[in-house]
Structure formats: C-alpha cells, structure tokens
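**Student:** Below is the file target25.txt, with compact mmCIF, C-alpha atoms.
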# COMPACT_ATOMS: atom_id res chain seq x y z
CA MET A 10 41.96 94.96 220.62
CA GLY A 11 43.19 96.89 217.59
CA LEU A 12 45.13 95.30 214.76
CA VAL A 13 48.43 96.92 215.75
CA ALA A 14 48.08 95.92 219.39
CA GLY A 15 47.11 92.42 218.36
CA LEU A 16 50.16 92.07 216.15
CA LYS A 17 52.44 93.28 218.93
CA ASP A 18 51.16 90.45 221.10
CA ARG A 19 52.15 87.85 218.52
CA SER A 20 55.53 86.19 218.24
CA PRO A 21 57.92 87.57 215.57
CA ARG A 22 57.40 84.38 213.54
CA ALA A 23 53.63 84.79 213.65
CA VAL A 24 53.85 88.46 212.70
CA LYS A 25 56.05 87.55 209.75
CA ASP A 26 53.59 84.84 208.68
CA VAL A 27 50.70 87.31 208.80
CA ALA A 28 52.65 89.88 206.80
CA ASN A 29 53.60 87.26 204.22
CA SER A 30 50.04 86.08 203.82
CA VAL A 31 48.77 89.65 203.43
CA THR A 32 51.34 90.56 200.78
CA ARG A 33 50.82 87.30 198.92
CA ALA A 34 47.05 87.81 198.90
CA TYR A 35 47.58 91.31 197.48
CA GLY A 36 49.99 89.92 194.91
CA MET A 37 47.43 87.37 193.81
CA ARG A 38 44.66 89.97 193.54
CA THR A 39 46.93 91.95 191.21
CA ALA A 40 48.40 88.91 189.45
CA GLU A 41 47.11 89.82 186.00
CA GLN A 42 48.94 93.13 186.24
CA ARG A 43 52.28 91.46 187.01
CA HIS A 44 55.09 90.69 184.59
CA LEU A 45 56.28 87.13 184.16
CA PRO A 46 60.07 86.62 184.21
CA ASP A 47 62.22 87.83 181.37
CA PHE A 48 65.08 85.62 182.57
CA MET A 49 65.95 82.85 185.00
CA VAL A 50 69.14 81.62 186.59
CA ILE A 51 68.45 77.88 186.40
CA GLY A 52 71.41 76.10 187.93
CA THR A 53 73.33 74.24 188.97
CA LYS A 54 72.87 73.44 192.63
CA ARG A 55 75.88 74.55 194.70
CA GLY A 56 77.20 76.32 191.63
CA GLY A 57 76.78 79.99 192.52
CA THR A 58 73.12 80.56 191.63
CA THR A 59 72.36 82.48 194.83
CA SER A 60 75.47 84.64 194.52
CA LEU A 61 74.71 85.55 190.91
CA TRP A 62 71.11 86.38 191.76
CA ASN A 63 72.25 88.73 194.52
CA TYR A 64 74.70 90.38 192.15
CA LEU A 65 71.98 90.85 189.56
CA ILE A 66 69.44 92.47 191.87
CA GLN A 67 71.99 95.15 192.72
CA HIS A 68 71.38 96.36 189.16
CA PRO A 69 68.76 99.14 189.13
CA LEU A 70 67.10 97.54 186.10
CA VAL A 71 66.64 94.09 187.65
CA MET A 72 63.57 93.89 189.83
CA PRO A 73 63.65 91.95 193.09
CA MET A 74 60.85 89.52 193.74
CA PHE A 75 57.72 90.78 195.47
CA PRO A 76 57.81 91.71 198.25
CA ALA A 77 61.45 92.81 198.20
CA SER A 78 61.59 92.65 202.01
CA ARG A 79 61.46 88.85 201.90
CA GLY A 80 64.64 88.56 199.87
CA LEU A 81 63.32 85.70 197.75
CA LYS A 82 65.26 84.40 194.78
CA SER A 83 62.51 81.97 193.65
CA PRO A 84 59.02 80.76 194.57
CA TRP A 85 60.09 77.23 193.47
CA TYR A 86 56.92 77.10 191.45
CA PHE A 87 57.65 74.76 188.57
CA TYR A 88 58.12 71.73 190.81
CA VAL A 89 57.24 71.74 194.52
CA ASN A 90 54.65 74.57 194.42
CA TYR A 91 53.12 73.81 191.03
CA ALA A 92 49.69 73.04 192.50
CA LYS A 93 49.36 76.64 193.73
CA GLY A 94 48.59 77.86 190.23
CA ASP A 95 49.71 80.60 187.87
CA ALA A 96 48.12 83.50 189.79
CA TRP A 97 50.19 82.53 192.83
CA TYR A 98 53.31 82.41 190.68
CA ARG A 99 52.64 85.77 189.05
CA SER A 100 52.10 87.31 192.48
CA HIS A 101 55.87 87.20 193.08
CA PHE A 102 56.83 89.67 190.33
CA ALA A 103 56.68 93.40 189.70
CA THR A 104 53.64 95.01 188.13
CA GLU A 105 53.67 96.42 184.63
CA SER A 106 53.02 99.89 186.07
CA GLU A 107 56.17 99.62 188.22
CA LEU A 108 58.18 98.65 185.16
CA ASP A 109 56.63 101.53 183.20
CA ARG A 110 57.64 104.07 185.87
CA ILE A 111 61.24 102.87 185.93
CA GLU A 112 61.42 102.82 182.14
CA GLN A 113 60.15 106.41 181.95
CA LYS A 114 62.91 107.53 184.32
CA SER A 115 65.78 105.44 182.98
CA GLY A 116 64.89 105.07 179.33
CA THR A 117 65.39 101.29 179.59
CA ARG A 118 62.83 98.65 180.40
CA PRO A 119 63.71 96.81 183.63
CA LEU A 120 63.65 93.03 183.81
CA THR A 121 62.00 90.54 186.12
CA GLY A 122 63.43 87.14 186.90
CA GLU A 123 64.10 84.43 189.42
CA ALA A 124 66.85 81.97 190.29
CA CYS A 125 66.23 78.29 190.98
CA PRO A 126 68.95 75.66 190.43
CA TYR A 127 66.47 72.77 190.34
CA TYR A 128 64.88 74.07 187.13
CA LEU A 129 67.86 72.76 185.17
CA TYR A 130 67.60 69.27 186.65
CA ASP A 131 63.85 68.65 187.02
CA PRO A 132 62.76 66.91 183.77
CA ARG A 133 59.36 68.64 183.80
CA ALA A 134 60.39 72.22 184.48
CA VAL A 135 61.52 73.46 181.08
CA GLU A 136 58.33 72.43 179.25
CA ARG A 137 56.22 74.17 181.90
CA ILE A 138 58.37 77.28 181.78
CA HIS A 139 58.39 77.46 177.98
CA ALA A 140 54.61 77.19 177.83
CA ARG A 141 54.36 80.44 179.80
CA MET A 142 57.55 82.25 178.79
CA PRO A 143 58.63 81.19 175.29
CA GLY A 144 60.99 84.16 174.94
CA LEU A 145 62.78 83.61 178.25
CA LYS A 146 66.55 83.86 178.56
CA ALA A 147 68.26 81.43 180.93
CA VAL A 148 71.62 81.69 182.67
CA VAL A 149 73.37 78.51 183.77
CA VAL A 150 76.33 78.47 186.15
CA LEU A 151 78.06 75.08 186.24
CA ARG A 152 80.66 73.98 188.78
CA ASP A 153 83.36 71.33 188.66
CA PRO A 154 81.08 68.31 189.23
CA VAL A 155 83.37 66.66 191.79
CA LYS A 156 83.32 69.73 194.01
CA ARG A 157 79.64 70.27 193.30
CA ALA A 158 78.72 66.74 194.42
CA TYR A 159 80.62 67.08 197.68
CA SER A 160 79.14 70.50 198.45
CA HIS A 161 75.66 69.17 197.61
CA TYR A 162 76.21 66.34 200.09
CA TRP A 163 77.15 68.67 202.93
CA GLU A 164 74.17 70.90 202.20
CA ALA A 165 71.90 67.85 202.44
CA VAL A 166 73.53 66.91 205.74
CA GLY A 167 72.96 70.42 207.06
CA LYS A 168 69.29 70.31 206.08
CA GLY A 169 68.73 66.95 207.75
CA ALA A 170 68.16 65.23 204.40
CA GLU A 171 71.21 62.97 204.67
CA ASP A 172 72.45 60.71 207.47
CA LEU A 173 74.92 58.57 205.53
CA GLY A 174 78.59 59.26 204.98
CA PHE A 175 79.54 60.65 201.57
CA GLU A 176 80.79 57.35 200.16
CA GLU A 177 77.73 55.50 201.50
CA ALA A 178 75.44 58.17 200.04
CA LEU A 179 77.09 57.82 196.63
CA ALA A 180 76.64 54.05 196.80
CA ALA A 181 72.98 54.46 197.82
CA GLU A 182 72.18 57.02 195.12
CA PRO A 183 71.15 54.63 192.30
CA GLU A 184 68.63 52.86 194.52
CA ARG A 185 67.37 56.11 196.00
CA LEU A 186 66.75 57.56 192.53
CA ARG A 187 65.35 54.38 191.03
CA GLY A 188 61.93 55.10 189.50
CA GLU A 189 61.82 58.69 190.70
CA VAL A 190 61.99 60.34 187.27
CA GLU A 191 59.36 57.96 185.96
CA ARG A 192 57.06 58.82 188.86
CA MET A 193 57.69 62.55 188.39
CA LEU A 194 56.67 62.30 184.74
CA ALA A 195 53.63 60.19 185.55
CA GLU A 196 52.45 62.36 188.48
CA PRO A 197 52.71 66.06 187.58
CA LEU A 198 52.39 67.27 191.19
CA TYR A 199 54.79 64.74 192.71
CA TYR A 200 57.83 66.24 194.43
CA SER A 201 60.77 63.86 194.77
CA GLU A 202 62.99 64.61 197.74
CA PRO A 203 65.56 61.99 196.69
CA HIS A 204 65.81 63.50 193.20
CA ASP A 205 66.31 66.95 194.69
CA PHE A 206 68.49 66.22 197.72
CA ASN A 207 70.31 62.94 197.09
CA SER A 208 71.34 63.25 193.41
CA TYR A 209 74.98 63.97 194.21
CA ARG A 210 76.61 62.16 191.29
CA ASP A 211 73.86 62.33 188.68
CA ARG A 212 73.31 66.07 188.84
CA GLY A 213 76.90 66.71 187.74
CA VAL A 214 76.28 65.09 184.34
CA TYR A 215 75.42 68.39 182.74
CA ARG A 216 75.11 67.94 179.00
CA PRO A 217 71.77 66.03 179.00
CA GLN A 218 70.25 68.70 181.23
CA LEU A 219 71.31 71.47 178.86
CA GLU A 220 70.16 69.50 175.82
CA ARG A 221 66.72 69.11 177.39
CA TRP A 222 66.46 72.88 177.72
CA CYS A 223 67.55 73.29 174.11
CA GLU A 224 64.69 71.06 173.00
CA HIS A 225 62.46 74.01 173.95
CA TYR A 226 64.69 77.09 173.67
CA PRO A 227 67.20 78.06 170.99
CA ARG A 228 70.82 77.77 172.05
CA GLU A 229 71.24 81.55 171.91
CA ASN A 230 68.69 81.91 174.73
CA LEU A 231 71.06 80.13 177.12
CA LEU A 232 74.21 81.59 178.63
CA VAL A 233 76.37 78.86 180.17
CA MET A 234 79.31 79.83 182.34
CA SER A 235 81.38 78.20 185.06
CA ALA A 236 81.35 78.92 188.77
CA GLU A 237 85.08 79.24 188.52
CA GLU A 238 84.63 82.13 186.07
CA LEU A 239 82.00 83.71 188.31
CA TYR A 240 84.18 83.72 191.41
CA ALA A 241 87.44 84.57 189.64
CA ASP A 242 86.01 88.01 188.75
CA GLU A 243 82.47 88.63 189.93
CA GLN A 244 82.16 92.01 188.23
CA ALA A 245 83.35 90.70 184.87
CA ALA A 246 80.95 87.76 185.15
CA LEU A 247 78.08 90.09 186.00
CA ASP A 248 78.97 92.31 183.04
CA ARG A 249 78.82 89.26 180.79
CA VAL A 250 75.40 88.28 182.13
CA CYS A 251 74.11 91.84 181.78
CA GLY A 252 75.27 91.93 178.16
CA PHE A 253 73.44 88.66 177.51
CA LEU A 254 70.26 90.07 179.07
CA GLY A 255 70.53 93.35 177.17
CA LEU A 256 71.25 95.42 180.28
CA PRO A 257 73.83 98.20 180.55
CA PRO A 258 76.84 97.44 182.77
CA HIS A 259 76.50 98.26 186.47
CA ARG A 260 79.18 98.40 189.15
CA MET A 261 78.33 96.13 192.06
CA GLU A 262 78.40 97.50 195.59
CA SER A 263 79.03 94.05 197.07
CA ALA A 264 80.53 90.87 195.64
CA GLU A 265 79.79 88.84 198.75
CA ARG A 266 79.78 85.10 198.16
CA HIS A 267 76.44 83.67 199.26
CA ASN A 268 75.75 80.21 200.71
CA TYR A 269 79.45 79.39 201.09
CA LEU A 270 79.64 76.01 202.82
CA PRO A 271 82.95 74.94 204.37
CA ALA A 272 83.54 71.19 204.48
CA PRO A 273 86.27 68.80 205.60
CA PRO A 274 88.64 67.50 202.91
CA MET A 275 87.22 64.84 200.62
CA ASP A 276 88.72 61.36 200.78
CA GLU A 277 91.39 61.21 198.08
CA GLY A 278 90.23 57.83 196.79
CA THR A 279 86.66 59.10 196.45
CA LYS A 280 87.89 62.23 194.73
CA ALA A 281 89.92 60.18 192.25
CA GLU A 282 86.95 57.90 191.50
CA LEU A 283 84.60 60.83 190.90
CA THR A 284 87.19 62.58 188.75
CA GLU A 285 87.43 59.55 186.48
CA PHE A 286 83.68 59.11 186.40
CA TYR A 287 83.10 62.69 185.26
CA ARG A 288 86.01 62.89 182.82
CA PRO A 289 84.06 61.65 179.73
CA HIS A 290 80.96 63.61 180.73
CA ASN A 291 83.02 66.79 181.03
CA ARG A 292 84.54 66.13 177.63
CA GLU A 293 81.10 65.71 176.08
CA LEU A 294 79.94 68.93 177.75
CA PHE A 295 82.92 70.92 176.46
CA GLN A 296 82.42 69.55 172.95
CA TRP A 297 78.76 70.57 173.03
CA LEU A 298 79.52 74.04 174.40
CA GLY A 299 82.62 74.66 172.33
CA VAL A 300 84.25 75.86 175.57
CA ASP A 301 86.58 74.07 177.97
CA PHE A 302 86.10 75.03 181.62
CA GLY A 303 89.37 73.39 182.64
CA TRP A 304 87.88 70.48 184.58
CA PRO A 305 89.48 67.03 184.05
CA SER A 306 88.34 65.72 180.66
Show me, as structure tokens, the structure contained in the file I just sent.
**Tutor:**
Amino acid sequence: MGLVAGLKDRSPRAVKDVANSVTRAYGMRTAEQRHLPDFMVIGTKRGGTTSLWNYLIQHPLVMPMFPASRGLKSPWYFYVNYAKGDAWYRSHFATESELDRIEQKSGTRPLTGEACPYYLYDPRAVERIHARMPGLKAVVVLRDPVKRAYSHYWEAVGKGAEDLGFEEALAAEPERLRGEVERMLAEPLYYSEPHDFNSYRDRGVYRPQLERWCEHYPRENLLVMSAEELYADEQAALDRVCGFLGLPPHRMESAERHNYLPAPPMDEGTKAELTEFYRPHNRELFQWLGVDFGWPS
C-alpha cells in the first residue's frame, strides 16, 4: 500500500498526528537555521493574549509559528515542554533564509515571536528566556484582576481542571498552591497544574510578576497595556505594539475577539471582596507603571 493510500485509510486525527510529527522532525533537522523569537506576548491569562497574537500575525512582517497551518501561538516550551530541548523549541520558528527573502522584498526585517500568558507568572520562565534571548522585547496585556480571576475560573471549569464553585475554589487556593513554587524551583522539569490552573486570586497580583521580569530585562524592553485598552480600539492598540516592536503600522483585516468566554454573573459579595483585596495591589501596580488603568485602587 502506498503512502497516500495508507494515509487515506487513517482517521483524520491520525493523519494530523502524522503530519505534525513529520513537520516537527523537519523543523528539528533545520533548527540551527531557525530564528529565535524577537518578541513575546507574555500575559496575562484571560487578558487578551490570544487576540493580540492573532492581530499581530496579520502583519506581513510578523511570522507565524511553523508550520503556519497549525495556528500555534506558543510551544509552551519554557515550562511544560522544557525537557524537549532547544532544538525542539527552535523548530517552531521561521528560518533565517525565509526572513532574508521577506526583507529583500519589503526592505524591513520581519520578526518572529510567540504568545504564552504563563511566561509572566511562572517564576522560572524569565531566566530561561533571557539566557537564550537577552535582547527580547515583551508585551504584557493585563486585565482588571477581578474579572480576570472569574474568567480564569470558568476556563478551568471548561477544561475539567476545576470542580468546585468559585467561592470554594478561592478558599481552596492557598492550600492548593502551598509549596508549589518551592517545588518548581527545586525541580526544573516539574509542571504544576495547580499553579497554572487554580491560581485565580494570586495571578492578579501583577506588580511582583513584572518586577521579576525587570530583574532580567530593562524596563524599556517591556510594553505593558491593559485589556481594556486593547478591546476599546484594537487597531490603535496594535499600532502601539507595532511601534514598540519597530514595525510599520498595518491595517488589520479582522479584529475578532479570540477565546471569549461568557459566564454567569459573579456573586456581588464575592466581587466586593475581590475588589477590596486587589485595591492596594492595583495601586502599587499603577505607581510602578506610572499609569492608571482605571481599576479600583
């Protein structure tokens, strides 16, 4: 049986798996010819990372991840896939020859990048990233932490990572996260599902996360904006990001909002408690940024 006939006999899922393994193997064989990211969109979870990434790759000078047909925004390398090694990571990006061809036609060097909201929150990620890409620029989209926490919860429910009610999950969070950061730092290849999926309250305390990144990168290498700004005017937000990355402006064809997750109204008492909890943290964030996003502070 020929290869084509054999593939036709497989299920669509199996065919896709074969295609993915073939392209990844090719990417790894050519890994040394591939260009590590010039930029990353690093967070926050449920803050608009996916939308911004999809706006950016509409720009002719922003390269999609390889292969483009998979529509990846990240290989999630610097935490859950770290054991796969640097060649595997490099296999996801465009080759230098591709970038050269586009630069010859356009007169401007295109950029490679990825978007992963966990890179802001994982305490190990920035050191690993800086070791490979010391000149990287990072874009951070932050969302009102009360709304972010609630949206995060419903995403976890949808993924089967949460079976408690929201209030019960908030109450359980300290115990769920107890010792997880310490274990992550002690075991470089350990992936903490609670730290990723059940960190509803803690992940909205933004300033320490940004300060950790600034221990490795100068402040001017980070662009921090709010999700509210992003969705108030997607084109203006994209223009701002392009200016930060040194790209010419580009008119988007689609400003579709990605990963929108409808949810029932939050309990008013819970909302009030979270609002008061975050108020001093928001104030500290705005003082550090020199910008007020308009959240309660």
**Student:** Do a neighbour search on Thr117 in chain A at 9 Å with all atoms listed in the file, toss out local chain neighbours closer than 4 positions, and write the hits as a PyMOL selection string.
**Tutor:** chain A and resi 70+111-113+256
**Student:** Select, from A:Ala245, A:Leu294, A:Met37, A:Leu186, the residue with the minimum atom-to-atom distance to Lys93 in chain A, counting all atoms listed in the file.
**Tutor:** A:Met37
**Student:** Counting only C-alpha atoms, write as number ranges by chain all protein and nucleic acid residues lying at most 12 Å from (65.5, 79.5, 171.0) in the file's frame.
**Tutor:** A: 139, 142-147, 222-232
**Student:** Could you write out the selected residues, including C-alpha atoms, as a short mmCIF file (atom, residue, chain, number, x, y, z; two decimals), in the frame of the given file?
**Tutor:**
data_model
loop_
_atom_site.label_atom_id
_atom_site.label_comp_id
_atom_site.auth_asym_id
_atom_site.auth_seq_id
_atom_site.Cartn_x
_atom_site.Cartn_y
_atom_site.Cartn_z
CA HIS A 139 58.39 77.46 177.98
CA MET A 142 57.55 82.25 178.79
CA PRO A 143 58.63 81.19 175.29
CA GLY A 144 60.99 84.16 174.94
CA LEU A 145 62.78 83.61 178.25
CA LYS A 146 66.55 83.86 178.56
CA ALA A 147 68.26 81.43 180.93
CA TRP A 222 66.46 72.88 177.72
CA CYS A 223 67.55 73.29 174.11
CA GLU A 224 64.69 71.06 173.00
CA HIS A 225 62.46 74.01 173.95
CA TYR A 226 64.69 77.09 173.67
CA PRO A 227 67.20 78.06 170.99
CA ARG A 228 70.82 77.77 172.05
CA GLU A 229 71.24 81.55 171.91
CA ASN A 230 68.69 81.91 174.73
CA LEU A 231 71.06 80.13 177.12
CA LEU A 232 74.21 81.59 178.63
#
**Student:** So which one's closest to Pro197 in chain A, A:Phe102, A:Tyr91, A:Tyr128, A:Phe295? Using all atoms listed in the file, please.
**Tutor:**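 Among the listed residues, the smallest separation from Pro197 in chain A belongs to A:Tyr91.
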**Student:** Can you work out which one of A:Glu220, A:Glu107, A:Asp95, A:Glu243 has the shortest atom-to-atom distance to Asn63 in chain A, counting only C-alpha atoms?
**Tutor:**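 Closest candidate: A:Glu243.
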**Student:** Write out as a PDB file with C-alpha atoms, in the coordinates of the input each polymer residue whose atoms come within 12 Å of Met74 in chain A, counting all atoms listed in the file; drop sequence neighbours fewer than 3 positions from it.
**Tutor:**
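For reference, part-v6.pdb as written:
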ATOM      1  CA  THR A  32      51.340  90.560 200.780  1.00  0.00           C
ATOM      2  CA  ARG A  33      50.820  87.300 198.920  1.00  0.00           C
ATOM      3  CA  GLY A  36      49.990  89.920 194.910  1.00  0.00           C
ATOM      4  CA  ARG A  43      52.280  91.460 187.010  1.00  0.00           C
ATOM      5  CA  HIS A  44      55.090  90.690 184.590  1.00  0.00           C
ATOM      6  CA  LEU A  45      56.280  87.130 184.160  1.00  0.00           C
ATOM      7  CA  PRO A  46      60.070  86.620 184.210  1.00  0.00           C
ATOM      8  CA  TRP A  62      71.110  86.380 191.760  1.00  0.00           C
ATOM      9  CA  ASN A  63      72.250  88.730 194.520  1.00  0.00           C
ATOM     10  CA  LEU A  65      71.980  90.850 189.560  1.00  0.00           C
ATOM     11  CA  ILE A  66      69.440  92.470 191.870  1.00  0.00           C
ATOM     12  CA  VAL A  71      66.640  94.090 187.650  1.00  0.00           C
ATOM     13  CA  ALA A  77      61.450  92.810 198.200  1.00  0.00           C
ATOM     14  CA  SER A  78      61.590  92.650 202.010  1.00  0.00           C
ATOM     15  CA  ARG A  79      61.460  88.850 201.900  1.00  0.00           C
ATOM     16  CA  GLY A  80      64.640  88.560 199.870  1.00  0.00           C
ATOM     17  CA  LEU A  81      63.320  85.700 197.750  1.00  0.00           C
ATOM     18  CA  LYS A  82      65.260  84.400 194.780  1.00  0.00           C
ATOM     19  CA  SER A  83      62.510  81.970 193.650  1.00  0.00           C
ATOM     20  CA  PRO A  84      59.020  80.760 194.570  1.00  0.00           C
ATOM     21  CA  TYR A  98      53.310  82.410 190.680  1.00  0.00           C
ATOM     22  CA  ARG A  99      52.640  85.770 189.050  1.00  0.00           C
ATOM     23  CA  SER A 100      52.100  87.310 192.480  1.00  0.00           C
ATOM     24  CA  HIS A 101      55.870  87.200 193.080  1.00  0.00           C
ATOM     25  CA  PHE A 102      56.830  89.670 190.330  1.00  0.00           C
ATOM     26  CA  ALA A 103      56.680  93.400 189.700  1.00  0.00           C
ATOM     27  CA  THR A 104      53.640  95.010 188.130  1.00  0.00           C
ATOM     28  CA  LEU A 120      63.650  93.030 183.810  1.00  0.00           C
ATOM     29  CA  THR A 121      62.000  90.540 186.120  1.00  0.00           C
ATOM     30  CA  GLY A 122      63.430  87.140 186.900  1.00  0.00           C
ATOM     31  CA  GLU A 123      64.100  84.430 189.420  1.00  0.00           C
ATOM     32  CA  ALA A 124      66.850  81.970 190.290  1.00  0.00           C
TER      33      ALA A 124
END
**Student:** Which residue out of A:Ala96, A:Ala281, A:Ala170, A:Leu129 has the minimum interatomic distance to Arg212 in chain A when only C-alpha atoms are used?
**Tutor:** A:Leu129
**Student:** Pick the closest to Pro132 in chain A from A:Gly174, A:Pro217, A:Pro271, A:Pro73: which is it, counting all atoms listed in the file?
**Tutor:** A:Pro217
**Student:** CA of Thr39 in chain A and CA of Leu198 in chain A, how far apart in Å?
**Tutor:**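 CA of Thr39 in chain A lies at a distance of 25.3 Å from CA of Leu198 in chain A.
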**Student:** Could you name the residues that touch His290 in chain A at 9 Å or less, counting only C-alpha atoms, but leaving out those on the same chain fewer than 6 positions away, as a PyMOL selection string?
**Tutor:** chain A and resi 213-216+306
**Student:** Can you spit out the residues from that selection as an mmCIF file, in the frame of the given file, using C-alpha atoms?
**Tutor:**
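Contents of out.cif, as written:
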data_model
loop_
_atom_site.group_PDB
_atom_site.id
_atom_site.type_symbol
_atom_site.label_atom_id
_atom_site.label_comp_id
_atom_site.auth_asym_id
_atom_site.auth_seq_id
_atom_site.Cartn_x
_atom_site.Cartn_y
_atom_site.Cartn_z
ATOM 1 C CA GLY A 213 76.900 66.710 187.740
ATOM 2 C CA VAL A 214 76.280 65.090 184.340
ATOM 3 C CA TYR A 215 75.420 68.390 182.740
ATOM 4 C CA ARG A 216 75.110 67.940 179.000
ATOM 5 C CA SER A 306 88.340 65.720 180.660
#
**Student:** Counting all atoms listed in the file, which of A:Gly57, A:Tyr127, A:Asn291, A:Val135 gets nearest to Tyr200 in chain A?
**Tutor:**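 With all atoms listed in the file as the atom set, the closest residue is A:Tyr127.
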**Student:** Please, what distance in Å, to one decimal, runs between CA of Ala181 in chain A and CA of Pro289 in chain A?
**Tutor:**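 One can read the CA of Ala181 in chain A to CA of Pro289 in chain A distance as 22.4 Å.
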**Student:** Can you tell me how far CA of Gly116 in chain A sits from CA of Gln244 in chain A, in Å to one decimal?
**Tutor:**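 CA of Gln244 in chain A lies at a distance of 23.4 Å from CA of Gly116 in chain A.
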**Student:** Might you pull out every residue within 12 Å of His267 in chain A, with all atoms listed in the file counted and same-chain residues fewer than 5 positions away left off, and present them as an NGL selection string?
**Tutor:** :A and (55-64 or 240)
**Student:** Could you rebuild range 91-110 of chain A with N, CA, C and O atoms and give me the result as a CSV table (one decimal), in the frame of the given file?
**Tutor:**
chain,number,residue,atom,x,y,z
A,91,TYR,N,53.8,73.7,192.3
A,91,TYR,CA,53.1,73.8,191.0
A,91,TYR,C,51.6,73.8,191.2
A,91,TYR,O,50.9,74.4,190.4
A,92,ALA,N,51.1,73.1,192.3
A,92,ALA,CA,49.7,73.0,192.5
A,92,ALA,C,49.1,74.4,192.9
A,92,ALA,O,47.8,74.5,192.9
A,93,LYS,N,49.9,75.4,193.3
A,93,LYS,CA,49.4,76.6,193.7
A,93,LYS,C,48.8,77.5,192.6
A,93,LYS,O,48.1,78.5,192.8
A,94,GLY,N,49.2,77.2,191.4
A,94,GLY,CA,48.6,77.9,190.2
A,94,GLY,C,49.3,79.1,189.8
A,94,GLY,O,50.1,79.7,190.5
A,95,ASP,N,49.0,79.5,188.5
A,95,ASP,CA,49.7,80.6,187.9
A,95,ASP,C,49.5,82.0,188.5
A,95,ASP,O,50.4,82.8,188.5
A,96,ALA,N,48.3,82.2,189.1
A,96,ALA,CA,48.1,83.5,189.8
A,96,ALA,C,49.1,83.6,191.0
A,96,ALA,O,49.6,84.7,191.2
A,97,TRP,N,49.2,82.5,191.7
A,97,TRP,CA,50.2,82.5,192.8
A,97,TRP,C,51.6,82.8,192.3
A,97,TRP,O,52.3,83.6,192.9
A,98,TYR,N,52.0,82.2,191.2
A,98,TYR,CA,53.3,82.4,190.7
A,98,TYR,C,53.5,83.9,190.3
A,98,TYR,O,54.5,84.5,190.6
A,99,ARG,N,52.5,84.4,189.5
A,99,ARG,CA,52.6,85.8,189.0
A,99,ARG,C,52.7,86.8,190.2
A,99,ARG,O,53.3,87.8,190.1
A,100,SER,N,52.2,86.4,191.3
A,100,SER,CA,52.1,87.3,192.5
A,100,SER,C,53.5,87.7,193.0
A,100,SER,O,53.6,88.6,193.8
A,101,HIS,N,54.5,87.0,192.6
A,101,HIS,CA,55.9,87.2,193.1
A,101,HIS,C,56.7,88.2,192.3
A,101,HIS,O,57.8,88.5,192.6
A,102,PHE,N,56.1,88.8,191.2
A,102,PHE,CA,56.8,89.7,190.3
A,102,PHE,C,56.3,91.1,190.3
A,102,PHE,O,55.1,91.3,190.7
A,103,ALA,N,57.1,92.0,189.8
A,103,ALA,CA,56.7,93.4,189.7
A,103,ALA,C,55.5,93.6,188.8
A,103,ALA,O,55.3,92.9,187.8
A,104,THR,N,54.8,94.7,189.0
A,104,THR,CA,53.6,95.0,188.1
A,104,THR,C,54.1,95.7,186.9
A,104,THR,O,55.2,96.4,186.9
A,105,GLU,N,53.3,95.7,185.9
A,105,GLU,CA,53.7,96.4,184.6
A,105,GLU,C,53.8,97.9,184.9
A,105,GLU,O,54.6,98.6,184.3
A,106,SER,N,53.0,98.5,185.8
A,106,SER,CA,53.0,99.9,186.1
A,106,SER,C,54.3,100.2,186.8
A,106,SER,O,54.9,101.3,186.5
A,107,GLU,N,54.9,99.4,187.6
A,107,GLU,CA,56.2,99.6,188.2
A,107,GLU,C,57.2,99.7,187.1
A,107,GLU,O,58.1,100.5,187.2
A,108,LEU,N,57.2,98.7,186.2
A,108,LEU,CA,58.2,98.6,185.2
A,108,LEU,C,58.1,99.9,184.3
A,108,LEU,O,59.1,100.4,183.8
A,109,ASP,N,56.8,100.3,184.0
A,109,ASP,CA,56.6,101.5,183.2
A,109,ASP,C,57.3,102.8,183.9
A,109,ASP,O,57.9,103.6,183.2
A,110,ARG,N,57.1,102.9,185.2
A,110,ARG,CA,57.6,104.1,185.9
A,110,ARG,C,59.2,104.1,185.8
A,110,ARG,O,59.8,105.1,185.5
